[in-house]
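Enquirer: Below you'll find start.tsv; it's TSV, C-alpha atoms.
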chain	number	residue	atom	x	y	z
A	1	MET	CA	-12.24	26.11	-21.67
A	2	THR	CA	-9.63	25.96	-18.92
A	3	LYS	CA	-6.59	23.97	-20.03
A	4	VAL	CA	-4.57	22.17	-17.38
A	5	LEU	CA	-0.98	21.02	-17.81
A	6	LEU	CA	-0.03	18.03	-15.68
A	7	ILE	CA	3.76	17.84	-15.45
A	8	GLY	CA	4.49	14.22	-14.60
A	9	GLY	CA	0.90	13.43	-15.45
A	10	GLY	CA	1.71	9.95	-16.68
A	11	GLY	CA	2.28	8.75	-13.12
A	12	PHE	CA	0.05	7.10	-10.53
A	13	ILE	CA	-1.69	10.24	-9.27
A	14	GLY	CA	-1.45	12.20	-12.51
A	15	ALA	CA	-3.33	9.63	-14.58
A	16	ARG	CA	-6.26	9.71	-12.14
A	17	LEU	CA	-6.17	13.50	-11.94
A	18	ALA	CA	-6.34	13.73	-15.74
A	19	ARG	CA	-9.57	11.72	-15.76
A	20	GLN	CA	-11.05	13.82	-12.97
A	21	CYS	CA	-10.22	17.05	-14.81
A	22	VAL	CA	-11.80	15.81	-18.02
A	23	ALA	CA	-14.95	14.76	-16.14
A	24	ALA	CA	-15.11	18.29	-14.70
A	25	GLY	CA	-15.05	19.80	-18.18
A	26	LEU	CA	-11.39	20.82	-18.30
A	27	SER	CA	-9.00	20.28	-21.18
A	28	VAL	CA	-5.89	18.33	-20.17
A	29	ARG	CA	-2.34	18.13	-21.44
A	30	ILE	CA	-0.07	15.50	-19.89
A	31	ALA	CA	3.66	16.20	-20.05
A	32	ASP	CA	6.07	13.40	-19.26
A	33	VAL	CA	9.50	12.14	-20.27
A	34	VAL	CA	8.04	8.76	-21.21
A	35	GLN	CA	6.26	8.14	-24.49
A	36	PRO	CA	2.64	7.19	-23.74
A	37	ALA	CA	1.56	3.67	-24.55
A	38	ALA	CA	-0.24	3.08	-27.82
A	39	ASP	CA	-3.45	2.39	-25.88
A	40	ALA	CA	-3.06	5.40	-23.54
A	41	ASP	CA	-6.34	6.82	-22.30
A	42	THR	CA	-7.15	10.04	-24.16
A	43	ALA	CA	-10.63	10.40	-22.62
A	44	ASP	CA	-12.30	10.80	-26.01
A	45	GLY	CA	-9.67	13.21	-27.27
A	46	CYS	CA	-9.72	15.55	-24.27
A	47	ILE	CA	-6.26	14.47	-23.08
A	48	GLU	CA	-3.23	15.58	-25.09
A	49	TYR	CA	0.25	14.13	-24.55
A	50	VAL	CA	3.54	15.99	-24.83
A	51	VAL	CA	6.80	14.08	-24.42
A	52	GLY	CA	9.71	16.06	-23.03
A	53	ASP	CA	11.63	17.30	-20.02
A	54	PHE	CA	10.15	20.31	-18.23
A	55	ASP	CA	13.71	21.39	-17.37
A	56	ASP	CA	14.44	21.85	-21.08
A	57	SER	CA	13.37	25.35	-22.11
A	58	ALA	CA	12.18	24.34	-25.58
A	59	ASP	CA	10.19	21.40	-24.21
A	60	LEU	CA	8.70	23.60	-21.50
A	61	GLU	CA	7.46	26.12	-24.04
A	62	ARG	CA	5.66	23.36	-25.92
A	63	MET	CA	4.13	22.16	-22.67
A	64	LEU	CA	2.91	25.61	-21.61
A	65	ASP	CA	1.48	26.71	-24.92
A	66	GLY	CA	-2.15	27.65	-24.39
A	67	VAL	CA	-2.54	26.37	-20.82
A	68	ASN	CA	-4.06	28.23	-17.86
A	69	VAL	CA	-3.16	25.97	-14.93
A	70	VAL	CA	0.08	24.08	-14.28
A	71	VAL	CA	0.08	21.14	-11.87
A	72	HIS	CA	3.58	20.04	-10.86
A	73	LEU	CA	3.44	16.33	-9.95
A	74	VAL	CA	6.82	15.02	-11.00
A	75	HIS	CA	9.58	14.02	-8.60
A	76	ARG	CA	12.69	12.32	-9.90
A	77	ALA	CA	14.17	9.47	-7.87
A	78	MET	CA	12.41	9.63	-4.51
A	79	LEU	CA	15.21	9.43	-1.93
A	80	LEU	CA	14.32	8.18	1.55
A	81	GLY	CA	17.48	6.38	2.68
A	82	LEU	CA	19.81	7.73	5.35
A	83	ASP	CA	22.68	7.85	2.84
A	84	SER	CA	20.77	9.83	0.20
A	85	SER	CA	22.55	12.86	-1.23
A	86	MET	CA	20.93	16.23	-0.64
A	87	VAL	CA	23.11	17.75	-3.37
A	88	GLN	CA	21.79	15.28	-5.93
A	89	GLU	CA	18.25	15.87	-4.72
A	90	MET	CA	18.60	19.61	-5.19
A	91	GLU	CA	20.02	19.15	-8.68
A	92	ARG	CA	17.34	16.64	-9.71
A	93	ASN	CA	14.27	18.24	-8.21
A	94	VAL	CA	14.69	21.57	-6.43
A	95	ALA	CA	16.61	23.52	-9.08
A	96	PRO	CA	14.49	22.38	-12.07
A	97	THR	CA	11.30	23.22	-10.17
A	98	VAL	CA	12.55	26.71	-9.29
A	99	ARG	CA	13.34	27.26	-12.96
A	100	LEU	CA	9.75	26.27	-13.70
A	101	PHE	CA	8.59	28.90	-11.21
A	102	ASP	CA	10.72	31.49	-12.98
A	103	ARG	CA	8.99	30.69	-16.27
A	104	CYS	CA	5.51	30.78	-14.71
A	105	VAL	CA	6.18	34.17	-13.14
A	106	ALA	CA	6.79	35.56	-16.62
A	107	ASP	CA	3.20	34.70	-17.63
A	108	LYS	CA	0.77	36.38	-15.23
A	109	ARG	CA	-2.21	34.38	-16.44
A	110	LEU	CA	-0.73	31.07	-15.29
A	111	ARG	CA	-1.79	29.48	-12.01
A	112	LEU	CA	0.41	26.81	-10.46
A	113	ILE	CA	-0.45	23.90	-8.17
A	114	PHE	CA	2.52	22.25	-6.47
A	115	VAL	CA	1.92	18.71	-5.24
A	116	SER	CA	4.00	18.39	-2.10
A	117	SER	CA	4.00	15.56	0.46
A	118	GLY	CA	1.79	15.64	3.53
A	119	GLY	CA	3.35	12.37	4.62
A	120	THR	CA	6.92	13.69	4.88
A	121	VAL	CA	7.17	17.49	5.18
A	122	TYR	CA	5.85	17.73	8.74
A	123	GLY	CA	8.25	15.28	10.32
A	124	GLU	CA	7.41	13.96	13.79
A	125	PRO	CA	4.54	16.00	15.29
A	126	GLU	CA	4.62	17.09	18.92
A	127	GLU	CA	1.18	15.62	19.55
A	128	ARG	CA	-0.68	12.62	18.14
A	129	THR	CA	-3.49	14.64	16.67
A	130	PRO	CA	-4.30	15.33	12.99
A	131	ILE	CA	-1.77	17.80	11.61
A	132	VAL	CA	-2.97	21.20	10.39
A	133	GLU	CA	-1.30	23.15	7.59
A	134	ARG	CA	0.14	25.84	9.86
A	135	THR	CA	2.28	23.23	11.66
A	136	ALA	CA	6.01	23.88	11.31
A	137	LEU	CA	7.76	21.80	8.66
A	138	ARG	CA	10.44	19.55	10.16
A	139	PRO	CA	11.11	16.79	7.62
A	140	ILE	CA	13.54	13.99	8.48
A	141	SER	CA	14.13	12.56	4.98
A	142	VAL	CA	15.84	13.97	1.90
A	143	TYR	CA	12.58	13.62	-0.02
A	144	GLY	CA	10.58	15.56	2.57
A	145	THR	CA	13.30	18.18	2.86
A	146	SER	CA	13.28	18.68	-0.89
A	147	LYS	CA	9.50	19.12	-0.93
A	148	SER	CA	9.61	21.61	1.94
A	149	MET	CA	12.40	23.60	0.28
A	150	ILE	CA	10.35	23.88	-2.88
A	151	GLU	CA	7.38	25.02	-0.83
A	152	GLN	CA	9.49	27.76	0.76
A	153	VAL	CA	10.70	29.01	-2.61
A	154	LEU	CA	7.15	28.95	-3.93
A	155	GLY	CA	6.02	31.05	-0.97
A	156	LEU	CA	8.78	33.55	-1.71
A	157	TYR	CA	7.76	33.79	-5.37
A	158	ALA	CA	4.11	34.27	-4.41
A	159	ALA	CA	4.93	37.00	-1.91
A	160	GLN	CA	7.56	38.91	-3.88
A	161	ARG	CA	6.87	38.19	-7.54
A	162	GLY	CA	3.14	37.65	-7.70
A	163	LEU	CA	3.17	33.99	-8.72
A	164	GLN	CA	-0.37	32.59	-8.46
A	165	ALA	CA	0.30	29.38	-6.58
A	166	ILE	CA	-1.30	26.76	-4.32
A	167	VAL	CA	0.37	23.92	-2.42
A	168	VAL	CA	-1.39	20.61	-1.81
A	169	ARG	CA	-0.06	18.02	0.63
A	170	PRO	CA	-1.49	14.53	0.06
A	171	GLY	CA	-1.34	11.77	2.62
A	172	ASN	CA	-0.21	8.19	1.91
A	173	ALA	CA	-1.57	7.38	-1.55
A	174	TYR	CA	-2.73	3.90	-2.49
A	175	GLY	CA	-5.11	2.29	-4.95
A	176	PRO	CA	-5.34	0.33	-8.21
A	177	GLY	CA	-2.50	1.17	-10.57
A	178	GLN	CA	0.15	1.65	-7.89
A	179	HIS	CA	2.95	-0.76	-8.76
A	180	PRO	CA	4.84	-2.60	-5.99
A	181	PHE	CA	8.58	-2.75	-5.34
A	182	LYS	CA	9.16	0.90	-6.29
A	183	GLY	CA	10.47	2.09	-2.91
A	184	GLN	CA	7.09	3.48	-1.90
A	185	GLY	CA	3.58	2.13	-1.58
A	186	LEU	CA	3.43	-0.34	1.32
A	187	ILE	CA	0.02	-1.70	0.37
A	188	PRO	CA	0.80	-3.01	-3.15
A	189	THR	CA	4.20	-4.26	-2.02
A	190	VAL	CA	2.65	-6.32	0.80
A	191	MET	CA	0.09	-7.78	-1.59
A	192	ALA	CA	2.47	-8.58	-4.44
A	193	SER	CA	5.10	-10.00	-2.07
A	194	ALA	CA	2.55	-12.39	-0.58
A	195	LEU	CA	1.49	-13.49	-4.07
A	196	GLN	CA	5.09	-14.32	-4.91
A	197	GLY	CA	5.77	-16.11	-1.63
A	198	LYS	CA	8.13	-13.41	-0.41
A	199	SER	CA	8.32	-12.19	3.15
A	200	VAL	CA	7.38	-8.59	3.93
A	201	THR	CA	9.76	-6.52	6.04
A	202	ILE	CA	8.23	-3.99	8.40
A	203	TYR	CA	10.68	-1.50	9.88
A	204	GLY	CA	9.89	-1.03	13.56
A	205	ASP	CA	7.15	-2.79	15.49
A	206	GLY	CA	4.30	-1.93	13.13
A	207	SER	CA	2.77	0.68	15.41
A	208	ALA	CA	3.54	3.62	13.08
A	209	VAL	CA	0.31	5.40	12.15
A	210	ARG	CA	-0.42	6.81	8.68
A	211	ASP	CA	-3.24	8.55	6.83
A	212	TYR	CA	-3.96	6.21	3.90
A	213	ILE	CA	-5.98	7.92	1.17
A	214	HIS	CA	-7.23	6.44	-2.09
A	215	VAL	CA	-5.65	7.85	-5.25
A	216	ASP	CA	-9.07	8.83	-6.62
A	217	ASP	CA	-9.69	10.93	-3.52
A	218	ILE	CA	-6.30	12.59	-3.93
A	219	ALA	CA	-7.14	13.38	-7.55
A	220	ARG	CA	-10.49	14.84	-6.53
A	221	GLY	CA	-8.76	16.87	-3.80
A	222	ILE	CA	-6.30	18.38	-6.27
A	223	LEU	CA	-9.16	19.14	-8.65
A	224	ALA	CA	-11.01	20.90	-5.81
A	225	ALA	CA	-7.92	23.06	-5.21
A	226	ILE	CA	-7.70	23.86	-8.93
A	227	GLN	CA	-11.33	24.90	-9.07
A	228	ALA	CA	-11.86	26.63	-5.73
A	229	GLY	CA	-8.49	26.97	-4.00
A	230	ARG	CA	-7.28	30.36	-2.84
A	231	GLY	CA	-4.03	31.74	-4.20
A	232	GLY	CA	-1.17	31.48	-1.73
A	233	GLU	CA	-2.96	28.79	0.29
A	234	THR	CA	-1.81	25.32	1.36
A	235	TYR	CA	-4.18	22.36	1.63
A	236	ASN	CA	-3.79	18.94	3.22
A	237	ILE	CA	-5.44	16.15	1.25
A	238	GLY	CA	-6.16	13.43	3.75
A	239	THR	CA	-8.86	11.55	5.60
A	240	GLY	CA	-8.12	12.69	9.14
A	241	LEU	CA	-8.08	9.01	10.13
A	242	GLY	CA	-4.98	7.17	11.30
A	243	THR	CA	-4.26	3.47	10.81
A	244	SER	CA	-1.23	1.65	12.18
A	245	ILE	CA	0.78	-0.60	9.88
A	246	ASN	CA	-0.23	-3.64	11.95
A	247	ALA	CA	-3.92	-2.72	11.73
A	248	LEU	CA	-3.60	-2.01	8.02
A	249	ILE	CA	-2.23	-5.48	7.36
A	250	ASN	CA	-4.20	-7.52	9.90
A	251	ASP	CA	-7.58	-5.77	9.73
A	252	PHE	CA	-7.73	-4.75	6.07
A	253	ILE	CA	-5.19	-6.46	3.80
A	254	ARG	CA	-5.34	-9.99	5.24
A	255	PRO	CA	-9.15	-10.22	5.08
A	256	ALA	CA	-9.18	-8.92	1.50
A	257	MET	CA	-6.64	-11.57	0.43
A	258	ALA	CA	-8.23	-14.44	2.38
A	259	ALA	CA	-10.68	-15.41	-0.38
A	260	LYS	CA	-7.71	-16.27	-2.64
A	261	GLY	CA	-5.99	-18.23	0.11
A	262	VAL	CA	-2.95	-15.93	0.07
A	263	GLU	CA	-1.02	-15.55	3.32
A	264	ILE	CA	1.35	-12.79	4.40
A	265	ASP	CA	4.72	-13.60	5.97
A	266	LEU	CA	5.69	-10.60	8.09
A	267	GLN	CA	9.23	-9.95	9.26
A	268	TYR	CA	10.08	-7.07	11.60
A	269	ALA	CA	13.37	-5.17	11.44
A	270	GLN	CA	14.98	-2.28	13.27
A	271	PRO	CA	13.26	1.06	12.60
A	272	ARG	CA	14.74	3.40	10.02
A	273	GLY	CA	15.72	6.95	10.86
A	274	VAL	CA	13.55	8.37	8.06
A	275	ASP	CA	10.17	7.09	9.33
A	276	VAL	CA	8.00	9.07	11.73
A	277	ALA	CA	5.78	7.35	14.28
A	278	TYR	CA	2.66	9.34	13.48
A	279	ASN	CA	1.35	11.16	10.42
A	280	VAL	CA	-2.35	11.94	10.04
A	281	LEU	CA	-3.54	15.01	8.16
A	282	ASP	CA	-6.30	17.39	9.21
A	283	PRO	CA	-8.42	17.90	6.03
A	284	THR	CA	-10.64	20.67	7.44
A	285	ARG	CA	-9.26	23.58	5.39
A	286	LEU	CA	-9.83	21.87	2.04
A	287	ALA	CA	-13.33	20.90	3.13
A	288	GLU	CA	-14.27	24.40	4.30
A	289	GLN	CA	-12.73	26.35	1.43
A	290	CYS	CA	-13.14	23.95	-1.49
A	291	GLY	CA	-15.91	21.60	-0.42
A	292	PHE	CA	-13.82	18.44	-0.61
A	293	ARG	CA	-13.95	15.40	1.66
A	294	ALA	CA	-12.43	11.98	1.04
A	295	ALA	CA	-15.15	9.52	0.01
A	296	ILE	CA	-13.51	6.08	-0.31
A	297	ASP	CA	-13.16	4.15	2.95
A	298	LEU	CA	-10.10	2.01	3.57
A	299	GLN	CA	-11.92	-1.33	3.38
A	300	THR	CA	-13.37	-0.53	-0.03
A	301	GLY	CA	-10.09	0.89	-1.31
A	302	ILE	CA	-8.04	-2.10	-0.13
A	303	ALA	CA	-10.46	-4.50	-1.84
A	304	GLU	CA	-10.15	-2.57	-5.11
A	305	THR	CA	-6.37	-2.53	-4.82
A	306	TRP	CA	-6.18	-6.26	-4.12
A	307	ASP	CA	-8.35	-7.05	-7.15
A	308	TRP	CA	-5.98	-5.02	-9.33
A	309	ILE	CA	-2.81	-6.48	-7.83
A	310	PHE	CA	-4.12	-10.04	-8.17
A	311	GLY	CA	-5.18	-9.42	-11.76
A	312	THR	CA	-1.86	-7.80	-12.65
A	313	TYR	CA	0.66	-9.84	-10.63
A	314	GLY	CA	-1.19	-13.02	-9.73
A	315	GLY	CA	0.13	-15.11	-12.59
A	316	ALA	CA	3.64	-13.75	-13.06
A	317	ASP	CA	6.85	-13.27	-11.21
A	318	HIS	CA	7.45	-9.50	-11.03
A	319	ARG	CA	10.57	-8.85	-9.01
Reformat the file's structure so that it appears as structure tokens.
Expert:
Amino acid sequence: MTKVLLIGGGGFIGARLARQCVAAGLSVRIADVVQPAADADTADGCIEYVVGDFDDSADLERMLDGVNVVVHLVHRAMLLGLDSSMVQEMERNVAPTVRLFDRCVADKRLRLIFVSSGGTVYGEPEERTPIVERTALRPISVYGTSKSMIEQVLGLYAAQRGLQAIVVRPGNAYGPGQHPFKGQGLIPTVMASALQGKSVTIYGDGSAVRDYIHVDDIARGILAAIQAGRGGETYNIGTGLGTSINALINDFIRPAMAAKGVEIDLQYAQPRGVDVAYNVLDPTRLAEQCGFRAAIDLQTGIAETWDWIFGTYGGADHR
């Protein structure tokens, strides 16, 4: 049986990916720095948990023991602000990930999937059309720059040292289980803010367009790359459909929340220098090579997310 190691697998995407892998008949080991909860989902014993830091050599050896595929999901302290330190970002994320690549190169049977960021690595596209994987990477945030740097190193290792590697670039993830007020995830933050009577700040005029994709579809997309992806390839995981922030809130989130009588107080502020005006991913390559297409439409996904947010945050003050 193929055994998959999910580094950072206790997170939002990783937890869903673990379930998808188990359903596909794979054995899963989740590696994270946080001790799993007592009621953590083990999927009938098919999910193993290892607590440790992948940048610690002894911990990494325990994580890698007996696995065939490594999925790198973890990113420490996502930095999007204009004053974010690139030096700190390289120390926290780039250098440890390169050391992971060094270890994987030493074991020729290992395959590696690096989860990058389709929402940030491309920067501002020249045209408002879905972005294909061959598009030049021109990130405008520290986070996106870090992801693109890691991709470049991974390409070098694949070309020169024979590392079996695939890059996946997900769009804007959302769905049940994504906690608000974490510096990312507009959808849960809008919903939870409205529940708590807080205003929601939108940077810019709300016309920025994004490719919102349900976390379950992202998990299925990564699984498709694990099962059928070609070594050395890069795959967007998106819907190919763009939705502006204004449309997201007015056409999808507001109607979902209306049944509970919850209103959204929107406030608009000056745009930030780290936000692009358009980001929609072309998912054709993953569809053609791996047979994957996103299946959950935005209306359905928003309704699911609202039910979870209301059930989790509806009766408490979570600031």
Enquirer: What are the closest atom pairs, with distances in Å to one decimal, for each residue of region 162-198 of chain A lying within 10 Å of region 66-80 of chain A, using all atoms listed in the file, rows by chain and rising residue number, as JSON lines?
Expert:
{"residue": "A:Gln164", "atom": "CA", "partner": "A:Val69", "partner_atom": "CA", "distance": 9.7}
{"residue": "A:Ala165", "atom": "CA", "partner": "A:Val70", "partner_atom": "CA", "distance": 9.4}
{"residue": "A:Ile166", "atom": "CA", "partner": "A:Val71", "partner_atom": "CA", "distance": 9.5}
{"residue": "A:Val167", "atom": "CA", "partner": "A:His72", "partner_atom": "CA", "distance": 9.8}
{"residue": "A:Lys182", "atom": "CA", "partner": "A:Met78", "partner_atom": "CA", "distance": 9.5}
{"residue": "A:Gly183", "atom": "CA", "partner": "A:Met78", "partner_atom": "CA", "distance": 7.9}
{"residue": "A:Gln184", "atom": "CA", "partner": "A:Met78", "partner_atom": "CA", "distance": 8.5}
Enquirer: Write out as number ranges by chain the residues lying within 12 Å of Thr300 (chain A), counting all atoms listed in the file and excluding same-chain residues fewer than 5 positions away.
Expert: A: 174-176, 213-214, 252-253, 255-256, 295, 305-307
Enquirer: Would you mind listing what lies within 12 Å of Tyr143 (chain A) as a PDB file with C-alpha atoms, in the frame of the given file, with all atoms listed in the file counted and same-chain residues fewer than 3 positions away left out?
Expert:
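And here is the file that came out, out38.pdb:
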ATOM      1  CA  HIS A  75       9.580  14.020  -8.600  1.00  0.00           C
ATOM      2  CA  ARG A  76      12.690  12.320  -9.900  1.00  0.00           C
ATOM      3  CA  ALA A  77      14.170   9.470  -7.870  1.00  0.00           C
ATOM      4  CA  MET A  78      12.410   9.630  -4.510  1.00  0.00           C
ATOM      5  CA  LEU A  79      15.210   9.430  -1.930  1.00  0.00           C
ATOM      6  CA  LEU A  80      14.320   8.180   1.550  1.00  0.00           C
ATOM      7  CA  GLY A  81      17.480   6.380   2.680  1.00  0.00           C
ATOM      8  CA  LEU A  82      19.810   7.730   5.350  1.00  0.00           C
ATOM      9  CA  ASP A  83      22.680   7.850   2.840  1.00  0.00           C
ATOM     10  CA  SER A  84      20.770   9.830   0.200  1.00  0.00           C
ATOM     11  CA  SER A  85      22.550  12.860  -1.230  1.00  0.00           C
ATOM     12  CA  MET A  86      20.930  16.230  -0.640  1.00  0.00           C
ATOM     13  CA  VAL A  87      23.110  17.750  -3.370  1.00  0.00           C
ATOM     14  CA  GLN A  88      21.790  15.280  -5.930  1.00  0.00           C
ATOM     15  CA  GLU A  89      18.250  15.870  -4.720  1.00  0.00           C
ATOM     16  CA  MET A  90      18.600  19.610  -5.190  1.00  0.00           C
ATOM     17  CA  ARG A  92      17.340  16.640  -9.710  1.00  0.00           C
ATOM     18  CA  ASN A  93      14.270  18.240  -8.210  1.00  0.00           C
ATOM     19  CA  VAL A  94      14.690  21.570  -6.430  1.00  0.00           C
ATOM     20  CA  SER A 116       4.000  18.390  -2.100  1.00  0.00           C
ATOM     21  CA  SER A 117       4.000  15.560   0.460  1.00  0.00           C
ATOM     22  CA  GLY A 118       1.790  15.640   3.530  1.00  0.00           C
ATOM     23  CA  GLY A 119       3.350  12.370   4.620  1.00  0.00           C
ATOM     24  CA  THR A 120       6.920  13.690   4.880  1.00  0.00           C
ATOM     25  CA  VAL A 121       7.170  17.490   5.180  1.00  0.00           C
ATOM     26  CA  TYR A 122       5.850  17.730   8.740  1.00  0.00           C
ATOM     27  CA  GLY A 123       8.250  15.280  10.320  1.00  0.00           C
ATOM     28  CA  ARG A 138      10.440  19.550  10.160  1.00  0.00           C
ATOM     29  CA  PRO A 139      11.110  16.790   7.620  1.00  0.00           C
ATOM     30  CA  ILE A 140      13.540  13.990   8.480  1.00  0.00           C
ATOM     31  CA  SER A 146      13.280  18.680  -0.890  1.00  0.00           C
ATOM     32  CA  LYS A 147       9.500  19.120  -0.930  1.00  0.00           C
ATOM     33  CA  SER A 148       9.610  21.610   1.940  1.00  0.00           C
ATOM     34  CA  MET A 149      12.400  23.600   0.280  1.00  0.00           C
ATOM     35  CA  ILE A 150      10.350  23.880  -2.880  1.00  0.00           C
ATOM     36  CA  GLN A 184       7.090   3.480  -1.900  1.00  0.00           C
ATOM     37  CA  VAL A 274      13.550   8.370   8.060  1.00  0.00           C
ATOM     38  CA  ASP A 275      10.170   7.090   9.330  1.00  0.00           C
TER      39      ASP A 275
END
Enquirer: I need the residue nearest Gln160 (chain A) from this list: A:Val105, A:Val142, A:Val34, A:Ala192. Use only C-alpha atoms for the distance.
Expert: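 Once distances to Gln160 (chain A) are computed over only C-alpha atoms, the minimum belongs to A:Val105.
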Enquirer: So, with all atoms listed in the file as the atoms that count, which of A:Gly185, A:Gly11, A:Gly206, A:Gly197 lies closest to Ile264 (chain A)?
Expert: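 So, comparing all the options, the nearest one is A:Gly197.
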Enquirer: So that I can see what lies close to Cys290 (chain A), please list as a list in words the residues with an atom at most 8 Å from it, counting all atoms listed in the file and leaving out residues fewer than 5 positions away in the same chain.
Expert: Ala224, Ala225, Gln227, Ala228, Gly229 and Arg285 of chain A
Enquirer: For a quick check of understanding, using all atoms listed in the file, which of A:Leu223, A:Cys46, A:Ile309, A:Leu163 has the smallest distance to Ile187 (chain A)?
Expert: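 When distances to Ile187 (chain A) are compared using all atoms listed in the file, the smallest one comes from A:Ile309.
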Enquirer: Which residue gives the smallest distance to Arg99 (chain A) among A:Ser57, A:Gln35, A:Gln152, A:Gly314, with all atoms listed in the file counted?
Expert: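 Going through A:Ser57, A:Gln35, A:Gln152, A:Gly314 one by one, the smallest distance to Arg99 (chain A) is for A:Ser57.
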Enquirer: Check the smallest atom-to-atom distance from each of A:Arg134, A:Arg210, A:Lys3, A:Arg230 to Arg109 (chain A) using all atoms listed in the file, then report the winner.
Expert: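 That would be A:Lys3, the residue with the smallest distance to Arg109 (chain A).
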